[in-house]
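work-v3.csv, holding CSV, C-alpha atoms:
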```csv
chain,number,residue,atom,x,y,z
C,203,MET,CA,109.2,97.7,81.4
C,204,PRO,CA,107.1,95.2,83.4
C,205,ALA,CA,103.5,96.2,84.2
C,206,PHE,CA,103.1,97.9,87.6
C,207,ASP,CA,101.8,95.6,90.3
C,208,PRO,CA,99.8,97.4,93.1
C,209,ALA,CA,100.6,94.5,95.4
C,210,SER,CA,104.3,95.6,95.3
C,211,LEU,CA,103.5,98.6,97.5
C,212,ARG,CA,103.9,98.4,101.3
C,213,TYR,CA,100.5,98.6,102.9
C,214,ASP,CA,99.7,99.0,106.6
C,215,ALA,CA,98.1,96.3,108.8
C,216,ALA,CA,94.7,97.4,107.4
C,217,GLY,CA,95.9,97.0,103.8
C,218,LEU,CA,96.1,100.7,103.3
C,219,ILE,CA,98.6,103.2,102.0
C,220,PRO,CA,98.5,107.0,102.6
C,221,VAL,CA,98.0,109.2,99.5
C,222,ILE,CA,98.9,112.9,99.5
C,223,ALA,CA,96.9,114.9,96.9
C,224,GLN,CA,98.7,117.9,95.6
C,225,ASP,CA,97.3,120.5,93.1
C,226,GLN,CA,99.4,120.1,90.0
C,227,ALA,CA,98.9,123.7,89.0
C,228,ASP,CA,100.4,125.5,92.0
C,229,GLY,CA,101.6,122.8,94.4
C,230,THR,CA,99.0,123.3,97.2
C,231,VAL,CA,98.7,120.2,99.3
C,232,LEU,CA,95.0,119.6,99.3
C,233,MET,CA,94.4,116.5,101.5
C,234,LEU,CA,95.7,113.2,102.6
C,235,ALA,CA,93.5,110.1,102.2
C,236,TRP,CA,94.1,106.3,101.9
C,237,MET,CA,94.0,103.6,99.2
C,238,ASN,CA,94.0,99.9,99.2
C,239,ALA,CA,95.6,97.9,96.3
C,240,ALA,CA,92.3,97.8,94.4
C,241,ALA,CA,91.9,101.6,94.7
C,242,VAL,CA,95.4,102.2,93.4
C,243,GLU,CA,94.6,99.9,90.5
C,244,GLN,CA,91.3,101.7,89.7
C,245,THR,CA,92.9,105.1,90.1
C,246,LEU,CA,95.6,104.3,87.5
C,247,ALA,CA,93.1,102.6,85.2
C,248,THR,CA,90.5,105.5,85.3
C,249,GLY,CA,92.6,108.6,85.8
C,250,ARG,CA,90.2,109.5,88.6
C,251,MET,CA,91.2,109.6,92.3
C,252,ILE,CA,89.5,106.6,94.0
C,253,TYR,CA,90.3,106.3,97.7
C,254,TRP,CA,89.3,103.8,100.3
C,255,SER,CA,87.1,105.5,103.0
C,256,ARG,CA,88.1,104.2,106.4
C,257,SER,CA,85.0,105.5,108.1
C,258,ARG,CA,82.6,103.9,105.5
C,259,ALA,CA,84.8,100.9,104.7
C,260,ALA,CA,84.0,101.5,101.0
C,261,PHE,CA,85.6,102.8,97.8
C,262,TRP,CA,85.4,106.6,97.7
C,263,GLU,CA,85.6,108.2,94.2
C,264,LYS,CA,86.5,111.8,95.2
C,265,GLY,CA,83.8,114.1,94.0
C,266,ALA,CA,81.4,111.5,92.8
C,267,THR,CA,78.7,112.9,95.1
C,268,SER,CA,79.9,116.5,95.5
C,269,GLY,CA,81.2,117.1,92.0
C,270,ASN,CA,84.5,118.2,93.4
C,271,ARG,CA,86.5,115.6,91.4
C,272,GLN,CA,90.2,115.0,91.3
C,273,SER,CA,91.7,113.8,88.0
C,274,LEU,CA,95.1,112.2,88.2
C,275,VAL,CA,98.0,113.9,86.5
C,276,SER,CA,100.9,111.9,88.0
C,277,LEU,CA,101.0,109.2,90.7
C,278,ARG,CA,104.4,108.9,92.5
C,279,LEU,CA,105.8,106.5,95.0
C,280,ASP,CA,108.2,107.2,97.8
C,281,CYS,CA,111.6,105.5,98.4
C,282,ASP,CA,110.1,103.2,101.1
C,283,ARG,CA,107.1,102.2,98.8
C,284,ASP,CA,104.8,103.0,101.7
C,285,CYS,CA,103.3,106.4,100.6
C,286,LEU,CA,101.9,107.9,97.4
C,287,LEU,CA,101.9,111.4,96.1
C,288,ALA,CA,99.2,112.2,93.6
C,289,LEU,CA,99.4,115.4,91.4
C,290,VAL,CA,95.8,116.2,90.6
C,291,ARG,CA,93.6,118.6,88.8
C,292,GLN,CA,91.1,119.6,91.4
C,293,THR,CA,87.6,120.7,90.5
C,294,GLY,CA,86.1,123.0,93.2
C,295,PRO,CA,87.3,122.8,96.8
C,296,ALA,CA,89.0,119.6,98.0
C,297,CYS,CA,87.8,120.1,101.6
C,298,HIS,CA,84.3,119.2,102.8
C,299,THR,CA,84.3,122.6,104.6
C,300,GLY,CA,84.3,124.4,101.2
C,301,ARG,CA,88.0,125.4,101.6
C,302,ARG,CA,90.4,124.6,98.9
C,303,SER,CA,92.7,122.6,101.2
C,304,CYS,CA,92.0,120.5,104.3
C,305,PHE,CA,95.1,122.0,105.9
C,306,PHE,CA,93.6,125.4,107.0
C,307,THR,CA,94.5,125.3,110.7
C,308,GLU,CA,98.0,126.4,111.8
C,309,LEU,CA,99.4,125.0,115.1
C,310,ARG,CA,101.4,127.2,117.4
C,311,GLU,CA,102.5,126.5,120.9
C,312,ASP,CA,100.0,129.1,122.1
C,313,GLY,CA,97.1,127.7,120.2
C,314,GLU,CA,95.4,127.1,116.8
C,315,ALA,CA,94.6,129.7,114.1
C,316,GLU,CA,92.5,129.2,111.0
C,317,ILE,CA,94.5,130.6,108.1
C,318,THR,CA,91.8,130.3,105.4
C,319,GLN,CA,88.1,130.8,105.8
C,320,PRO,CA,85.2,128.9,104.2
C,321,PRO,CA,83.5,130.7,101.3
C,322,ALA,CA,80.8,133.1,102.4
C,323,PRO,CA,77.3,131.8,101.8
C,324,PRO,CA,75.6,133.3,98.7
C,325,THR,CA,73.6,136.5,99.5
C,326,ALA,CA,70.0,136.7,98.5
I,292,MET,CA,93.8,131.6,122.7
I,293,PRO,CA,94.2,128.5,124.8
I,294,ALA,CA,97.6,126.7,124.5
I,295,PHE,CA,97.7,124.0,121.9
I,296,ASP,CA,97.4,120.5,123.3
I,297,PRO,CA,99.2,117.8,121.3
I,298,ALA,CA,96.8,115.2,122.9
I,299,SER,CA,93.9,116.9,121.0
I,300,LEU,CA,95.2,115.4,117.7
I,301,ARG,CA,93.8,112.0,116.4
I,302,TYR,CA,96.6,109.4,116.5
I,303,ASP,CA,96.4,105.9,115.0
I,304,ALA,CA,96.4,102.7,117.1
I,305,ALA,CA,100.2,103.0,117.5
I,306,GLY,CA,99.9,106.6,118.8
I,307,LEU,CA,101.2,108.1,115.5
I,308,ILE,CA,100.0,110.8,113.1
I,309,PRO,CA,101.3,111.2,109.5
I,310,VAL,CA,103.3,114.4,108.7
I,311,ILE,CA,103.8,115.7,105.2
I,312,ALA,CA,107.0,117.8,104.9
I,313,GLN,CA,106.7,120.4,102.1
I,314,ASP,CA,109.5,122.8,101.1
I,315,GLN,CA,108.3,126.2,102.0
I,316,ALA,CA,110.3,127.9,99.2
I,317,ASP,CA,108.7,126.2,96.1
I,318,GLY,CA,106.1,123.7,97.4
I,319,THR,CA,107.9,120.5,96.6
I,320,VAL,CA,106.6,117.6,98.7
I,321,LEU,CA,109.7,116.2,100.3
I,322,MET,CA,108.6,113.2,102.4
I,323,LEU,CA,106.0,111.7,104.7
I,324,ALA,CA,107.0,110.6,108.2
I,325,TRP,CA,105.3,110.1,111.5
I,326,MET,CA,105.1,111.8,114.9
I,327,ASN,CA,103.7,110.8,118.3
I,328,ALA,CA,102.4,113.5,120.7
I,329,ALA,CA,105.8,114.1,122.3
I,330,ALA,CA,107.4,114.6,118.9
I,331,VAL,CA,104.7,117.1,117.9
I,332,GLU,CA,105.4,118.9,121.2
I,333,GLN,CA,109.2,118.9,120.7
I,334,THR,CA,108.9,120.0,117.1
I,335,LEU,CA,106.8,123.0,118.1
I,336,ALA,CA,109.1,123.8,121.0
I,337,THR,CA,112.4,123.6,119.1
I,338,GLY,CA,111.4,124.6,115.5
I,339,ARG,CA,113.2,121.5,114.3
I,340,MET,CA,111.4,118.6,112.7
I,341,ILE,CA,111.5,115.7,115.2
I,342,TYR,CA,109.8,112.6,113.9
I,343,TRP,CA,109.1,109.2,115.5
I,344,SER,CA,111.0,106.5,113.6
I,345,ARG,CA,108.8,103.4,113.3
I,346,SER,CA,111.6,101.1,112.3
I,347,ARG,CA,113.9,102.2,115.2
I,348,ALA,CA,111.1,103.0,117.7
I,349,ALA,CA,112.9,106.2,118.7
I,350,PHE,CA,112.7,109.9,118.2
I,351,TRP,CA,114.3,110.9,114.9
I,352,GLU,CA,115.5,114.5,114.6
I,353,LYS,CA,115.7,114.9,110.9
I,354,GLY,CA,119.3,115.6,109.8
I,355,ALA,CA,120.8,115.2,113.3
I,356,THR,CA,123.2,112.6,111.8
I,357,SER,CA,123.3,113.5,108.1
I,358,GLY,CA,123.2,117.3,108.5
I,359,ASN,CA,120.2,117.4,106.2
I,360,ARG,CA,118.0,119.3,108.7
I,361,GLN,CA,114.5,120.6,108.4
I,362,SER,CA,113.5,123.7,110.3
I,363,LEU,CA,109.8,124.3,110.8
I,364,VAL,CA,108.2,127.3,109.2
I,365,SER,CA,104.5,126.4,109.7
I,366,LEU,CA,102.8,123.3,111.1
I,367,ARG,CA,99.2,122.8,109.9
I,368,LEU,CA,96.5,120.4,110.9
I,369,ASP,CA,93.8,118.9,108.6
I,370,CYS,CA,90.1,119.1,109.1
I,371,ASP,CA,89.9,115.6,110.6
I,372,ARG,CA,92.8,116.4,113.0
I,373,ASP,CA,94.5,113.2,111.9
I,374,CYS,CA,97.2,114.5,109.5
I,375,LEU,CA,99.8,117.3,109.7
I,376,LEU,CA,101.4,119.4,107.0
I,377,ALA,CA,104.8,120.9,107.9
I,378,LEU,CA,106.2,123.7,105.7
I,379,VAL,CA,109.9,123.4,106.2
I,380,ARG,CA,113.3,124.9,105.3
I,381,GLN,CA,115.2,121.9,104.0
I,382,THR,CA,119.0,121.8,104.2
I,383,GLY,CA,120.4,119.5,101.6
I,384,PRO,CA,118.4,116.6,100.2
I,385,ALA,CA,115.4,115.2,102.2
I,386,CYS,CA,115.8,111.7,100.8
I,387,HIS,CA,118.4,109.2,102.0
I,388,THR,CA,119.1,108.4,98.3
I,389,GLY,CA,120.5,111.9,97.9
I,390,ARG,CA,117.5,113.1,95.9
I,391,ARG,CA,115.7,116.2,97.1
I,392,SER,CA,112.4,114.5,97.5
I,393,CYS,CA,111.5,110.9,98.4
I,394,PHE,CA,108.8,110.8,95.7
I,395,PHE,CA,111.1,110.2,92.7
I,396,THR,CA,109.3,107.2,91.1
I,397,GLU,CA,106.3,107.7,88.9
I,398,LEU,CA,103.7,104.9,88.6
I,399,ARG,CA,102.0,104.1,85.4
I,400,GLU,CA,99.9,101.1,84.5
I,401,ASP,CA,102.8,99.8,82.3
I,402,GLY,CA,105.5,100.2,85.0
I,403,GLU,CA,107.6,102.5,87.2
I,404,ALA,CA,109.9,105.3,86.0
I,405,GLU,CA,112.4,107.3,88.0
I,406,ILE,CA,111.8,110.9,87.3
I,407,THR,CA,114.8,112.3,89.2
I,408,GLN,CA,118.2,110.8,89.6
I,409,PRO,CA,120.6,110.8,92.6
I,410,PRO,CA,123.5,113.2,92.3
I,411,ALA,CA,126.5,111.9,90.5
I,412,PRO,CA,129.4,110.9,92.8
I,413,PRO,CA,132.2,113.5,92.8
I,414,THR,CA,134.9,112.8,90.2
I,415,ALA,CA,138.5,112.5,91.2
```

Mind converting the file's structure to structure tokens?
Amino acid sequence: MPAFDPASLRYDAAGLIPVIAQDQADGTVLMLAWMNAAAVEQTLATGRMIYWSRSRAAFWEKGATSGNRQSLVSLRLDCDRDCLLALVRQTGPACHTGRRSCFFTELREDGEAEITQPPAPPTA
Amino acid sequence: MPAFDPASLRYDAAGLIPVIAQDQADGTVLMLAWMNAAAVEQTLATGRMIYWSRSRAAFWEKGATSGNRQSLVSLRLDCDRDCLLALVRQTGPACHTGRRSCFFTELREDGEAEITQPPAPPTA
């Protein structure tokens, strides 16, 4: 089959596509982040999740600083070609709060509830 | 707790927030779509997934035409308040192609592969 061309995806006005990261072991949705075409290409080439940080306007290799890396198991495209789903092997927590998933707050009409807690700090 | 305020979410320049729909029964990621603040409010109030269609610039109650409805089980917010994860009960397929999930194409450096097929047409 013809080589995959990252330019064939549909990016937004900023040149980005949303990427859902899902734990391949148990299906937990860990986070949503963004990639540009170069990040898609580097992720496929390296097998490591390399996003585009919108706040820092720079490539963001997940876990390069924290050690909480994501290795790619399967990268999937939706029927509109404007969203990606990455099945990943997650080392450590995905969320910067120390929780496994970034989606730890449940919305209800009567308010917000945290459904998972950050890990307790180590005791002395 | 104080009532949830849909205006407290972080929307993009078009006033939209991405919403991941995940099957609550087995964790399959079904689709990604968008909501504005009014759609978030109506989804929470009705328990039915009501998106904002970017192509039609109109509310889009999932399944209102096709019958392939999504009822809301749990709506979750990520740590940046700029993405939602909806656990849903999906009636029928989520994808307009007849497949259960919109993410049926796997990307590899050497090309694209369809990993699920649409249902066969009924035989006479």

Looking at only C-alpha atoms, which of I:Met340, I:Pro413, I:Asp303, I:Arg399 is the one that sits closest to chain C?
I:Arg399

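Shortest separation to C:Gln244 among I:Ala348, I:Gly306, I:Arg390, I:Glu400 occurs at residue I:Glu400, atoms counted being all atoms listed in the file.
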
Which one is closest to chain C: I:Thr388, I:Ser346, I:Ser357, I:Gln408? Count only C-alpha atoms.
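The answer is I:Thr388, which sits nearest to chain C.
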
Find the distance between atom CA of I:Ile308 and atom CA of I:Leu375 and write it in Å to one decimal.
7.3 Å

Counting all atoms listed in the file, I want the residues whose atoms come within 9 Å of (92.7, 105.8, 102.3) in the file frame, returned as a compact mmCIF listing (two decimals) with C-alpha atoms, keeping the file's coordinate frame.
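Written out: part_19.txt:
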```
# COMPACT_ATOMS: atom_id res chain seq x y z
CA LEU C 218 96.10 100.70 103.30
CA ILE C 219 98.60 103.20 102.00
CA PRO C 220 98.50 107.00 102.60
CA VAL C 221 98.00 109.20 99.50
CA LEU C 234 95.70 113.20 102.60
CA ALA C 235 93.50 110.10 102.20
CA TRP C 236 94.10 106.30 101.90
CA MET C 237 94.00 103.60 99.20
CA ASN C 238 94.00 99.90 99.20
CA ALA C 241 91.90 101.60 94.70
CA ILE C 252 89.50 106.60 94.00
CA TYR C 253 90.30 106.30 97.70
CA TRP C 254 89.30 103.80 100.30
CA SER C 255 87.10 105.50 103.00
CA ARG C 256 88.10 104.20 106.40
CA PHE C 261 85.60 102.80 97.80
CA TRP C 262 85.40 106.60 97.70
```

Define the interface residues of chain I facing chain C as those within 7 Å, counting all atoms listed in the file, and report them as a PyMOL selection string.
chain I and resi 292-295+318+335+365-370+376+393-403

Same-sequence overlay, chain I on chain C, C-alpha least squares, as a short mmCIF file (atom, residue, chain, number, x, y, z; two decimals) with C-alpha atoms, in the frame of the given file:
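Saved as superposed.cif:
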```cif
data_model
loop_
_atom_site.label_atom_id
_atom_site.label_comp_id
_atom_site.auth_asym_id
_atom_site.auth_seq_id
_atom_site.Cartn_x
_atom_site.Cartn_y
_atom_site.Cartn_z
CA MET I 292 109.15 97.77 81.42
CA PRO I 293 107.18 95.22 83.37
CA ALA I 294 103.56 96.21 84.25
CA PHE I 295 103.17 97.89 87.58
CA ASP I 296 101.87 95.62 90.31
CA PRO I 297 99.80 97.36 93.00
CA ALA I 298 100.66 94.41 95.38
CA SER I 299 104.35 95.55 95.24
CA LEU I 300 103.47 98.59 97.44
CA ARG I 301 103.88 98.40 101.32
CA TYR I 302 100.41 98.61 102.92
CA ASP I 303 99.75 98.99 106.66
CA ALA I 304 98.10 96.28 108.79
CA ALA I 305 94.68 97.32 107.43
CA GLY I 306 95.88 96.97 103.80
CA LEU I 307 96.06 100.78 103.29
CA ILE I 308 98.68 103.22 102.01
CA PRO I 309 98.55 107.02 102.60
CA VAL I 310 98.06 109.27 99.50
CA ILE I 311 98.93 112.93 99.45
CA ALA I 312 96.85 114.86 96.86
CA GLN I 313 98.73 117.95 95.59
CA ASP I 314 97.29 120.44 93.08
CA GLN I 315 99.34 120.09 90.00
CA ALA I 316 98.83 123.75 88.96
CA ASP I 317 100.45 125.54 91.99
CA GLY I 318 101.60 122.82 94.43
CA THR I 319 99.06 123.35 97.14
CA VAL I 320 98.69 120.25 99.34
CA LEU I 321 95.00 119.53 99.26
CA MET I 322 94.43 116.48 101.49
CA LEU I 323 95.68 113.12 102.68
CA ALA I 324 93.51 110.03 102.18
CA TRP I 325 94.05 106.33 101.88
CA MET I 326 93.98 103.64 99.20
CA ASN I 327 94.04 99.83 99.24
CA ALA I 328 95.56 97.91 96.29
CA ALA I 329 92.30 97.81 94.33
CA ALA I 330 91.88 101.56 94.68
CA VAL I 331 95.44 102.16 93.46
CA GLU I 332 94.61 99.89 90.49
CA GLN I 333 91.31 101.67 89.72
CA THR I 334 92.86 105.09 90.08
CA LEU I 335 95.55 104.23 87.55
CA ALA I 336 93.03 102.63 85.22
CA THR I 337 90.46 105.44 85.25
CA GLY I 338 92.61 108.59 85.87
CA ARG I 339 90.20 109.50 88.64
CA MET I 340 91.21 109.57 92.27
CA ILE I 341 89.48 106.60 93.97
CA TYR I 342 90.26 106.38 97.65
CA TRP I 343 89.31 103.82 100.32
CA SER I 344 87.12 105.50 102.95
CA ARG I 345 88.10 104.21 106.40
CA SER I 346 85.02 105.49 108.13
CA ARG I 347 82.60 103.96 105.53
CA ALA I 348 84.78 100.94 104.63
CA ALA I 349 84.03 101.49 100.94
CA PHE I 350 85.62 102.83 97.84
CA TRP I 351 85.35 106.62 97.70
CA GLU I 352 85.60 108.23 94.27
CA LYS I 353 86.49 111.74 95.17
CA GLY I 354 83.75 114.17 94.02
CA ALA I 355 81.38 111.43 92.77
CA THR I 356 78.68 112.95 95.04
CA SER I 357 79.83 116.55 95.52
CA GLY I 358 81.15 117.14 91.98
CA ASN I 359 84.47 118.19 93.45
CA ARG I 360 86.49 115.66 91.41
CA GLN I 361 90.18 115.04 91.22
CA SER I 362 91.70 113.78 88.00
CA LEU I 363 95.12 112.19 88.21
CA VAL I 364 98.01 113.85 86.48
CA SER I 365 100.92 111.87 88.04
CA LEU I 366 101.02 109.22 90.76
CA ARG I 367 104.40 108.92 92.54
CA LEU I 368 105.75 106.46 95.02
CA ASP I 369 108.23 107.20 97.86
CA CYS I 370 111.52 105.51 98.43
CA ASP I 371 110.10 103.19 101.10
CA ARG I 372 107.17 102.24 98.81
CA ASP I 373 104.79 103.00 101.65
CA CYS I 374 103.40 106.44 100.66
CA LEU I 375 101.98 107.89 97.41
CA LEU I 376 101.95 111.42 96.08
CA ALA I 377 99.17 112.18 93.56
CA LEU I 378 99.44 115.38 91.46
CA VAL I 379 95.87 116.14 90.63
CA ARG I 380 93.54 118.52 88.74
CA GLN I 381 91.11 119.58 91.43
CA THR I 382 87.59 120.70 90.50
CA GLY I 383 86.17 122.94 93.14
CA PRO I 384 87.31 122.76 96.75
CA ALA I 385 89.03 119.55 98.06
CA CYS I 386 87.80 120.05 101.61
CA HIS I 387 84.28 119.23 102.78
CA THR I 388 84.29 122.60 104.64
CA GLY I 389 84.35 124.35 101.28
CA ARG I 390 87.98 125.42 101.66
CA ARG I 391 90.39 124.51 98.89
CA SER I 392 92.67 122.56 101.10
CA CYS I 393 92.00 120.51 104.25
CA PHE I 394 95.08 121.97 105.98
CA PHE I 395 93.54 125.32 107.01
CA THR I 396 94.52 125.36 110.73
CA GLU I 397 97.95 126.43 111.81
CA LEU I 398 99.40 125.07 115.09
CA ARG I 399 101.45 127.16 117.37
CA GLU I 400 102.53 126.46 120.92
CA ASP I 401 100.00 129.12 122.14
CA GLY I 402 97.03 127.73 120.15
CA GLU I 403 95.39 127.07 116.77
CA ALA I 404 94.59 129.68 114.10
CA GLU I 405 92.53 129.26 110.96
CA ILE I 406 94.50 130.61 108.11
CA THR I 407 91.81 130.31 105.43
CA GLN I 408 88.11 130.75 105.79
CA PRO I 409 85.20 128.88 104.12
CA PRO I 410 83.49 130.78 101.34
CA ALA I 411 80.78 133.12 102.40
CA PRO I 412 77.24 131.80 101.76
CA PRO I 413 75.62 133.44 98.71
CA THR I 414 73.58 136.55 99.59
CA ALA I 415 69.98 136.82 98.60
#
```

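Ranking C:Leu289, C:Ala209, C:Leu274, C:Ala296 by their shortest atom-to-atom distance to C:Ala240, with all atoms listed in the file included, puts C:Ala209 first.
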
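What separates atom CA of C:Val275 from atom CA of C:Arg291 is a distance of 6.8 Å.
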
Give the padded box for stretch 308-317 of chain C as JSON: axis-aligned, covering all atoms listed in the file, 4 Å on each side, centre and edge lengths in Å to one decimal.
```
{"center_x": 97.5, "center_y": 127.8, "center_z": 115.1, "size_x": 18.0, "size_y": 13.6, "size_z": 22.0}
```
